[in-house]
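Below is one structure, written out as structure tokens, with a few remarks after it.
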Amino acid sequence: MTRSMHILCAGSAVAGVLRLTEPLSFWGGIDPATALITLAGHPQQGESVAGKALIVPGLVGSSSSSAVMLELISAGIAPAALLLGARDAILPIGVVVAGQMGLPTLPVLVVADPPWQTGDRISIGLNGQIARI
Amino acid sequence: MKLSVTDRAVLAGETGSTGERMALELVTKAAAMLGADRLIRIHSGHIDGCLFHGNAGVTYCEKLVSGGAQVRVPATTNVGALNLLRPDQCRLSSAARKMAFRLMVAHEKLGCRPSWTCAPYQAGARPEAGQQIAWGESNAVAFANTVLGARTNRYGDFLDIACAISGKAPFYGLHIAENRYARLVLDTSLLPAAVTQDSAFYPVLGSLIGRLAGETVCAVTGLPRDADEDKLKALCAAAASTGAVALVHLVGVTPEAPDLDTALGGNEPEATVTITAEMMADVRRNLSMVSDGPIDCVAVGSPHFSEAECRSVLALAGGRSFAVPFYICMGRHTLKALGADGTDLALVSLGVEIVTDTCVVVTPVLPAKPGVMMTNSAKFAHYAMGNTGHLPVFGTLAECVASAQQGHVRRPGQGDR
């Protein structure tokens, strides 16, 4: 199954999926030093986002999440890709800033109702094509 | 994207500094992500990005400085991670302290006015009704839209400073007149006077608005038209902490809402909710994680306390000192005003710990051992547990003062709150 989506930041990746089943603010929800989800009571608490194709269905809001995104990239423990449920600039801005600093970037796409589940492996192409592999 | 000839030249590196190019590139990329087809000029900025989150953010800001960037419009700074007047007040590691300081200095070098306050609108930054601005800090955004009638979205880290440097913002969301109309109506007219005259009415109502409205622009009817700015400040901060609220039409208060029909833009509301005393009581209860017993500290000033609010603490205390630390977060401009007649020293002699430039829920200032924190701020109540580990108890300012004097929760004169 392949899907083509709206691209916020172009890039390619092959990674295992981690699907958040509840909204999460990166600020206050993810430790920028370890990439672990720390928010008490979150269904994915204790999971690492590092290297994952992270599916973020709900937008939650602290705008300081851009800063956490940049710190994760800078520490080399960022997700491999972000699949957002709706158009938003907070997380991709952290990615754009990383690019301006000469740090690696990652694909950020808007995908409504993505079919992939935690444990699936997907590939994301520069053109936004996503396929389960 | 429609861009001016100058903007294209800046982006191409043909004119302007490297820092200017980086900022404009960030603004245009954000505009594309948000679906905006052009940029608009802004009149001011309020920068939330001066709060330290990690070393990479500091490096980025210093890169803007070394790239020759300067803010093009007046820009105030939100809180940093340090009280620069008392750097030892925050228990950060020396490495983190150094980086937090560098980040604050870098913002000054970019030309920001070092206001270090989350209530810039009480520190002289007063955009006019209808003005396009690009502000960060959720309470300041909500206040600017709701009370002053200025037009801003919630701008976050990096984009806030980039907009101030380029003097432009993506034309989307609340910058556009049609997107500002209310779609939901919350009617408070049936609330009993005992609820509306309670001095915690505004922060509690704000929390309820955030829960009911989320991102939806709503109009609130039935409110008195003469609420002072400190009350409106508490309402806006509370609404913006429980929901992604950036604009509430307080009918009769908000410049765009002289009446309900205008607030709705002549449209029918999608829903009307009648606020009940039970709903208010329920939200108020939820602001506390413990209801009584001993407290370890009191923290007020989210948003930063005004001069009048600080003076109220002194008046309510009646000369009786505090048994537990009583933190008041405020801007330097307020401290200076209090100093004119020695009110700052009078507060300190009661046991008040004055916190300027920063805020006790974003940097470690409260007692290291998590305990119980009492507050009259719905925003502090919302963030205390997650950010500090302290369990919140919510009360009026009078209750906070009485409780700090006793060292345990006191609610004197329940009828006169």
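Letters A, B, ... mark the chains of the structure tokens in the order given; residue numbers begin at 1 per chain; ligand numbers begin at 1, in order shown.
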Problem set entry | 12 Å contact set for segment 4-11 of chain A, only C-alpha atoms, chain neighbours under 4 positions out, as an MDAnalysis selection string | (chainID A and resid 80:99 104:114 123:131) or (chainID B and resid 29:35)
Problem set entry | Close residues, segment 179-188 of chain B itself excluded, 6 Å, only C-alpha atoms, min 4 positions apart in chain, as a ChimeraX atom specification | /B:174,217-222,263-265,269-275
Let me see the file: selected residues, C-alpha atoms, as a CSV table (one decimal), in the first residue's frame.
chain,number,residue,atom,x,y,z
B,174,LEU,CA,-6.1,35.3,13.5
B,217,VAL,CA,-13.0,31.3,18.8
B,218,CYS,CA,-15.8,31.8,21.3
B,219,ALA,CA,-17.9,34.7,22.6
B,220,VAL,CA,-18.7,35.1,26.3
B,221,THR,CA,-21.9,36.9,27.2
B,222,GLY,CA,-23.2,38.2,30.5
B,263,ALA,CA,-18.6,39.2,17.6
B,264,LEU,CA,-20.3,36.5,15.5
B,265,GLY,CA,-19.8,38.5,12.3
B,269,PRO,CA,-23.2,30.4,16.4
B,270,GLU,CA,-22.5,26.7,15.9
B,271,ALA,CA,-23.5,26.2,19.6
B,272,THR,CA,-24.5,28.1,22.7
B,273,VAL,CA,-23.6,26.8,26.1
B,274,THR,CA,-25.1,28.1,29.3
B,275,ILE,CA,-22.5,28.2,32.0
Tell me, which residues of chain A carry DSSP strand (DSSP E or B), written as a PDB file with N, CA and C atoms, in the first residue's frame?
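As a result, selection.pdb now contains:
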ATOM      1  N   THR A   2       0.626   2.151  -0.901  1.00  0.00           N
ATOM      2  CA  THR A   2       1.393   3.396  -0.917  1.00  0.00           C
ATOM      3  C   THR A   2       0.443   4.588  -0.807  1.00  0.00           C
ATOM      4  N   ARG A   3       0.934   5.646  -0.226  1.00  0.00           N
ATOM      5  CA  ARG A   3       0.124   6.862  -0.086  1.00  0.00           C
ATOM      6  C   ARG A   3       0.996   8.060  -0.356  1.00  0.00           C
ATOM      7  N   SER A   4       0.451   9.059  -0.986  1.00  0.00           N
ATOM      8  CA  SER A   4       1.180  10.294  -1.219  1.00  0.00           C
ATOM      9  C   SER A   4       0.519  11.388  -0.392  1.00  0.00           C
ATOM     10  N   HIS A   6       0.831  15.349   1.967  1.00  0.00           N
ATOM     11  CA  HIS A   6       1.308  16.732   1.926  1.00  0.00           C
ATOM     12  C   HIS A   6       2.665  16.830   2.639  1.00  0.00           C
ATOM     13  N   ILE A   7       3.630  17.420   1.939  1.00  0.00           N
ATOM     14  CA  ILE A   7       4.985  17.471   2.494  1.00  0.00           C
ATOM     15  C   ILE A   7       5.228  18.816   3.175  1.00  0.00           C
ATOM     16  N   LEU A   8       5.604  18.789   4.457  1.00  0.00           N
ATOM     17  CA  LEU A   8       6.006  20.021   5.149  1.00  0.00           C
ATOM     18  C   LEU A   8       7.523  20.195   5.063  1.00  0.00           C
ATOM     19  N   CYS A   9       8.253  19.123   5.297  1.00  0.00           N
ATOM     20  CA  CYS A   9       9.707  19.121   5.098  1.00  0.00           C
ATOM     21  C   CYS A   9      10.025  17.867   4.281  1.00  0.00           C
ATOM     22  N   ALA A  13      13.310   8.430   4.380  1.00  0.00           N
ATOM     23  CA  ALA A  13      13.641   7.650   5.577  1.00  0.00           C
ATOM     24  C   ALA A  13      13.086   6.247   5.434  1.00  0.00           C
ATOM     25  N   VAL A  14      13.736   5.315   6.125  1.00  0.00           N
ATOM     26  CA  VAL A  14      13.194   3.965   6.292  1.00  0.00           C
ATOM     27  C   VAL A  14      13.263   3.704   7.787  1.00  0.00           C
ATOM     28  N   ALA A  15      12.107   3.456   8.410  1.00  0.00           N
ATOM     29  CA  ALA A  15      12.118   3.338   9.867  1.00  0.00           C
ATOM     30  C   ALA A  15      10.931   2.555  10.374  1.00  0.00           C
ATOM     31  N   GLY A  16      11.068   2.078  11.606  1.00  0.00           N
ATOM     32  CA  GLY A  16       9.960   1.427  12.301  1.00  0.00           C
ATOM     33  C   GLY A  16       9.003   2.488  12.821  1.00  0.00           C
ATOM     34  N   VAL A  17       7.716   2.135  12.812  1.00  0.00           N
ATOM     35  CA  VAL A  17       6.684   3.098  13.231  1.00  0.00           C
ATOM     36  C   VAL A  17       6.511   3.082  14.752  1.00  0.00           C
ATOM     37  N   LEU A  18       6.381   4.288  15.325  1.00  0.00           N
ATOM     38  CA  LEU A  18       5.853   4.418  16.688  1.00  0.00           C
ATOM     39  C   LEU A  18       4.645   5.323  16.578  1.00  0.00           C
ATOM     40  N   ARG A  19       3.491   4.770  16.893  1.00  0.00           N
ATOM     41  CA  ARG A  19       2.260   5.535  16.735  1.00  0.00           C
ATOM     42  C   ARG A  19       1.788   6.027  18.096  1.00  0.00           C
ATOM     43  N   ILE A  30       8.539  14.932  26.190  1.00  0.00           N
ATOM     44  CA  ILE A  30       9.683  14.131  25.742  1.00  0.00           C
ATOM     45  C   ILE A  30      10.949  14.723  26.350  1.00  0.00           C
ATOM     46  N   LEU A  36      13.129   9.882  25.427  1.00  0.00           N
ATOM     47  CA  LEU A  36      12.068   9.054  26.010  1.00  0.00           C
ATOM     48  C   LEU A  36      10.817   9.887  26.272  1.00  0.00           C
ATOM     49  N   ILE A  37       9.649   9.261  26.048  1.00  0.00           N
ATOM     50  CA  ILE A  37       8.380   9.927  26.369  1.00  0.00           C
ATOM     51  C   ILE A  37       8.201   9.851  27.883  1.00  0.00           C
ATOM     52  N   SER A  48      10.981   5.268  23.372  1.00  0.00           N
ATOM     53  CA  SER A  48      11.906   6.240  22.784  1.00  0.00           C
ATOM     54  C   SER A  48      11.422   6.623  21.388  1.00  0.00           C
ATOM     55  N   ALA A  53       9.689   6.344  12.849  1.00  0.00           N
ATOM     56  CA  ALA A  53       8.737   7.111  12.044  1.00  0.00           C
ATOM     57  C   ALA A  53       7.579   7.389  12.996  1.00  0.00           C
ATOM     58  N   LEU A  54       7.554   8.598  13.527  1.00  0.00           N
ATOM     59  CA  LEU A  54       6.638   8.911  14.623  1.00  0.00           C
ATOM     60  C   LEU A  54       5.314   9.442  14.069  1.00  0.00           C
ATOM     61  N   ILE A  55       4.234   8.740  14.388  1.00  0.00           N
ATOM     62  CA  ILE A  55       2.909   9.193  13.961  1.00  0.00           C
ATOM     63  C   ILE A  55       2.278   9.988  15.095  1.00  0.00           C
ATOM     64  N   VAL A  56       2.026  11.262  14.829  1.00  0.00           N
ATOM     65  CA  VAL A  56       1.496  12.178  15.846  1.00  0.00           C
ATOM     66  C   VAL A  56       0.095  12.589  15.403  1.00  0.00           C
ATOM     67  N   ALA A  81      11.381  10.300  11.062  1.00  0.00           N
ATOM     68  CA  ALA A  81      10.372  10.995  10.268  1.00  0.00           C
ATOM     69  C   ALA A  81       9.201  11.336  11.172  1.00  0.00           C
ATOM     70  N   LEU A  82       8.461  12.379  10.798  1.00  0.00           N
ATOM     71  CA  LEU A  82       7.255  12.747  11.540  1.00  0.00           C
ATOM     72  C   LEU A  82       6.073  12.699  10.584  1.00  0.00           C
ATOM     73  N   LEU A  83       5.020  11.998  11.002  1.00  0.00           N
ATOM     74  CA  LEU A  83       3.782  11.986  10.229  1.00  0.00           C
ATOM     75  C   LEU A  83       2.719  12.637  11.100  1.00  0.00           C
ATOM     76  N   LEU A  84       2.322  13.867  10.736  1.00  0.00           N
ATOM     77  CA  LEU A  84       1.390  14.636  11.550  1.00  0.00           C
ATOM     78  C   LEU A  84      -0.038  14.451  11.048  1.00  0.00           C
ATOM     79  N   VAL A 108       8.939  15.576   7.222  1.00  0.00           N
ATOM     80  CA  VAL A 108       7.740  15.836   8.024  1.00  0.00           C
ATOM     81  C   VAL A 108       6.573  15.909   7.052  1.00  0.00           C
ATOM     82  N   LEU A 109       5.603  15.038   7.221  1.00  0.00           N
ATOM     83  CA  LEU A 109       4.475  14.965   6.300  1.00  0.00           C
ATOM     84  C   LEU A 109       3.159  15.056   7.049  1.00  0.00           C
ATOM     85  N   VAL A 110       2.142  15.577   6.355  1.00  0.00           N
ATOM     86  CA  VAL A 110       0.791  15.557   6.916  1.00  0.00           C
ATOM     87  C   VAL A 110       0.064  14.366   6.318  1.00  0.00           C
ATOM     88  N   ARG A 121       7.122  -1.331   9.479  1.00  0.00           N
ATOM     89  CA  ARG A 121       8.292  -0.653   8.933  1.00  0.00           C
ATOM     90  C   ARG A 121       7.864   0.038   7.659  1.00  0.00           C
ATOM     91  N   ILE A 122       8.192   1.318   7.529  1.00  0.00           N
ATOM     92  CA  ILE A 122       7.760   2.045   6.331  1.00  0.00           C
ATOM     93  C   ILE A 122       8.939   2.755   5.689  1.00  0.00           C
ATOM     94  N   SER A 123       8.767   3.030   4.401  1.00  0.00           N
ATOM     95  CA  SER A 123       9.757   3.860   3.722  1.00  0.00           C
ATOM     96  C   SER A 123       9.055   5.130   3.248  1.00  0.00           C
ATOM     97  N   ILE A 124       9.775   6.224   3.337  1.00  0.00           N
ATOM     98  CA  ILE A 124       9.243   7.519   2.901  1.00  0.00           C
ATOM     99  C   ILE A 124      10.179   8.051   1.833  1.00  0.00           C
ATOM    100  N   GLN A 129       6.005   9.801  -1.057  1.00  0.00           N
ATOM    101  CA  GLN A 129       5.407   8.466  -1.143  1.00  0.00           C
ATOM    102  C   GLN A 129       5.792   7.649   0.089  1.00  0.00           C
ATOM    103  N   ILE A 130       4.780   7.077   0.713  1.00  0.00           N
ATOM    104  CA  ILE A 130       5.039   6.253   1.889  1.00  0.00           C
ATOM    105  C   ILE A 130       4.600   4.825   1.573  1.00  0.00           C
ATOM    106  N   ALA A 131       5.437   3.841   1.890  1.00  0.00           N
ATOM    107  CA  ALA A 131       5.069   2.456   1.625  1.00  0.00           C
ATOM    108  C   ALA A 131       5.470   1.580   2.789  1.00  0.00           C
ATOM    109  N   ARG A 132       4.614   0.607   3.082  1.00  0.00           N
ATOM    110  CA  ARG A 132       4.962  -0.363   4.114  1.00  0.00           C
ATOM    111  C   ARG A 132       5.948  -1.344   3.499  1.00  0.00           C
TER     112      ARG A 132
END
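Contact shell of Val361 of chain B at 8 Å (only C-alpha atoms; same-chain neighbours under 6 positions omitted): Phe380, Tyr383, Ala384, Asn387 and Thr388 of chain B.
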For this session: Run DSSP on the backbone and grab whatever in segment 151-291 of chain B lands in helix (DSSP H, G or I); send it over as a PyMOL selection string.
Result: chain B and resi 159-166+173-175+177-180+193-196+201-213+229-242+260-263+277-286
Restricting the output to C-alpha atoms, write the selected residues as an mmCIF file, in the first residue's frame.
data_model
loop_
_atom_site.group_PDB
_atom_site.id
_atom_site.type_symbol
_atom_site.label_atom_id
_atom_site.label_comp_id
_atom_site.auth_asym_id
_atom_site.auth_seq_id
_atom_site.Cartn_x
_atom_site.Cartn_y
_atom_site.Cartn_z
ATOM 1 C CA LEU B 159 9.368 31.815 14.583
ATOM 2 C CA ASP B 160 8.712 34.588 17.117
ATOM 3 C CA ILE B 161 12.201 36.074 16.811
ATOM 4 C CA ALA B 162 12.289 35.402 13.049
ATOM 5 C CA CYS B 163 9.101 37.449 12.597
ATOM 6 C CA ALA B 164 10.517 40.325 14.689
ATOM 7 C CA ILE B 165 13.759 40.319 12.669
ATOM 8 C CA SER B 166 11.989 40.278 9.317
ATOM 9 C CA GLY B 173 -5.203 32.343 11.225
ATOM 10 C CA LEU B 174 -6.098 35.275 13.458
ATOM 11 C CA HIS B 175 -4.341 37.814 11.247
ATOM 12 C CA ALA B 177 -10.505 39.244 9.919
ATOM 13 C CA GLU B 178 -12.957 36.467 8.983
ATOM 14 C CA ASN B 179 -11.117 33.909 11.099
ATOM 15 C CA ARG B 180 -11.617 36.069 14.183
ATOM 16 C CA ALA B 193 -23.856 36.754 42.055
ATOM 17 C CA ALA B 194 -22.103 34.575 44.667
ATOM 18 C CA VAL B 195 -20.176 32.994 41.785
ATOM 19 C CA THR B 196 -19.510 36.086 39.669
ATOM 20 C CA PHE B 201 -14.291 34.065 39.231
ATOM 21 C CA TYR B 202 -12.106 35.219 36.353
ATOM 22 C CA PRO B 203 -9.353 32.565 36.514
ATOM 23 C CA VAL B 204 -11.958 29.822 37.076
ATOM 24 C CA LEU B 205 -14.076 31.042 34.163
ATOM 25 C CA GLY B 206 -10.929 31.207 32.035
ATOM 26 C CA SER B 207 -10.149 27.556 32.797
ATOM 27 C CA LEU B 208 -13.687 26.603 31.811
ATOM 28 C CA ILE B 209 -13.468 28.625 28.572
ATOM 29 C CA GLY B 210 -10.252 26.799 27.632
ATOM 30 C CA ARG B 211 -11.872 23.432 28.248
ATOM 31 C CA LEU B 212 -15.053 24.227 26.337
ATOM 32 C CA ALA B 213 -13.588 26.184 23.436
ATOM 33 C CA GLU B 229 -7.083 44.368 33.570
ATOM 34 C CA ASP B 230 -5.680 42.108 36.276
ATOM 35 C CA LYS B 231 -8.897 40.086 36.200
ATOM 36 C CA LEU B 232 -8.886 39.927 32.398
ATOM 37 C CA LYS B 233 -5.222 38.910 32.541
ATOM 38 C CA ALA B 234 -6.100 36.003 34.863
ATOM 39 C CA LEU B 235 -8.957 34.917 32.586
ATOM 40 C CA CYS B 236 -6.822 34.982 29.444
ATOM 41 C CA ALA B 237 -3.942 33.077 31.057
ATOM 42 C CA ALA B 238 -6.265 30.390 32.399
ATOM 43 C CA ALA B 239 -8.082 29.958 29.075
ATOM 44 C CA ALA B 240 -4.794 29.702 27.196
ATOM 45 C CA SER B 241 -3.469 27.016 29.558
ATOM 46 C CA THR B 242 -6.433 24.613 29.478
ATOM 47 C CA LEU B 260 -22.768 39.530 20.383
ATOM 48 C CA ASP B 261 -23.883 39.955 16.802
ATOM 49 C CA THR B 262 -20.686 41.825 15.912
ATOM 50 C CA ALA B 263 -18.565 39.174 17.639
ATOM 51 C CA ALA B 277 -22.636 27.254 38.889
ATOM 52 C CA GLU B 278 -22.005 23.476 38.904
ATOM 53 C CA MET B 279 -19.694 23.724 35.899
ATOM 54 C CA MET B 280 -17.778 26.516 37.608
ATOM 55 C CA ALA B 281 -17.537 24.565 40.877
ATOM 56 C CA ASP B 282 -16.322 21.497 39.016
ATOM 57 C CA VAL B 283 -13.562 23.399 37.180
ATOM 58 C CA ARG B 284 -12.540 25.150 40.378
ATOM 59 C CA ARG B 285 -12.273 21.819 42.223
ATOM 60 C CA ASN B 286 -10.093 20.450 39.428
#
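Relative to atom CA of Ala368 of chain B, atom CA of Gly407 of chain B is found at 17.5 Å.
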Seminar exercise, completed: Across B:Arg311, B:Arg411, B:His382, B:His304, the smallest distance to Gly331 of chain B, with only C-alpha atoms counted, is shown by B:His304
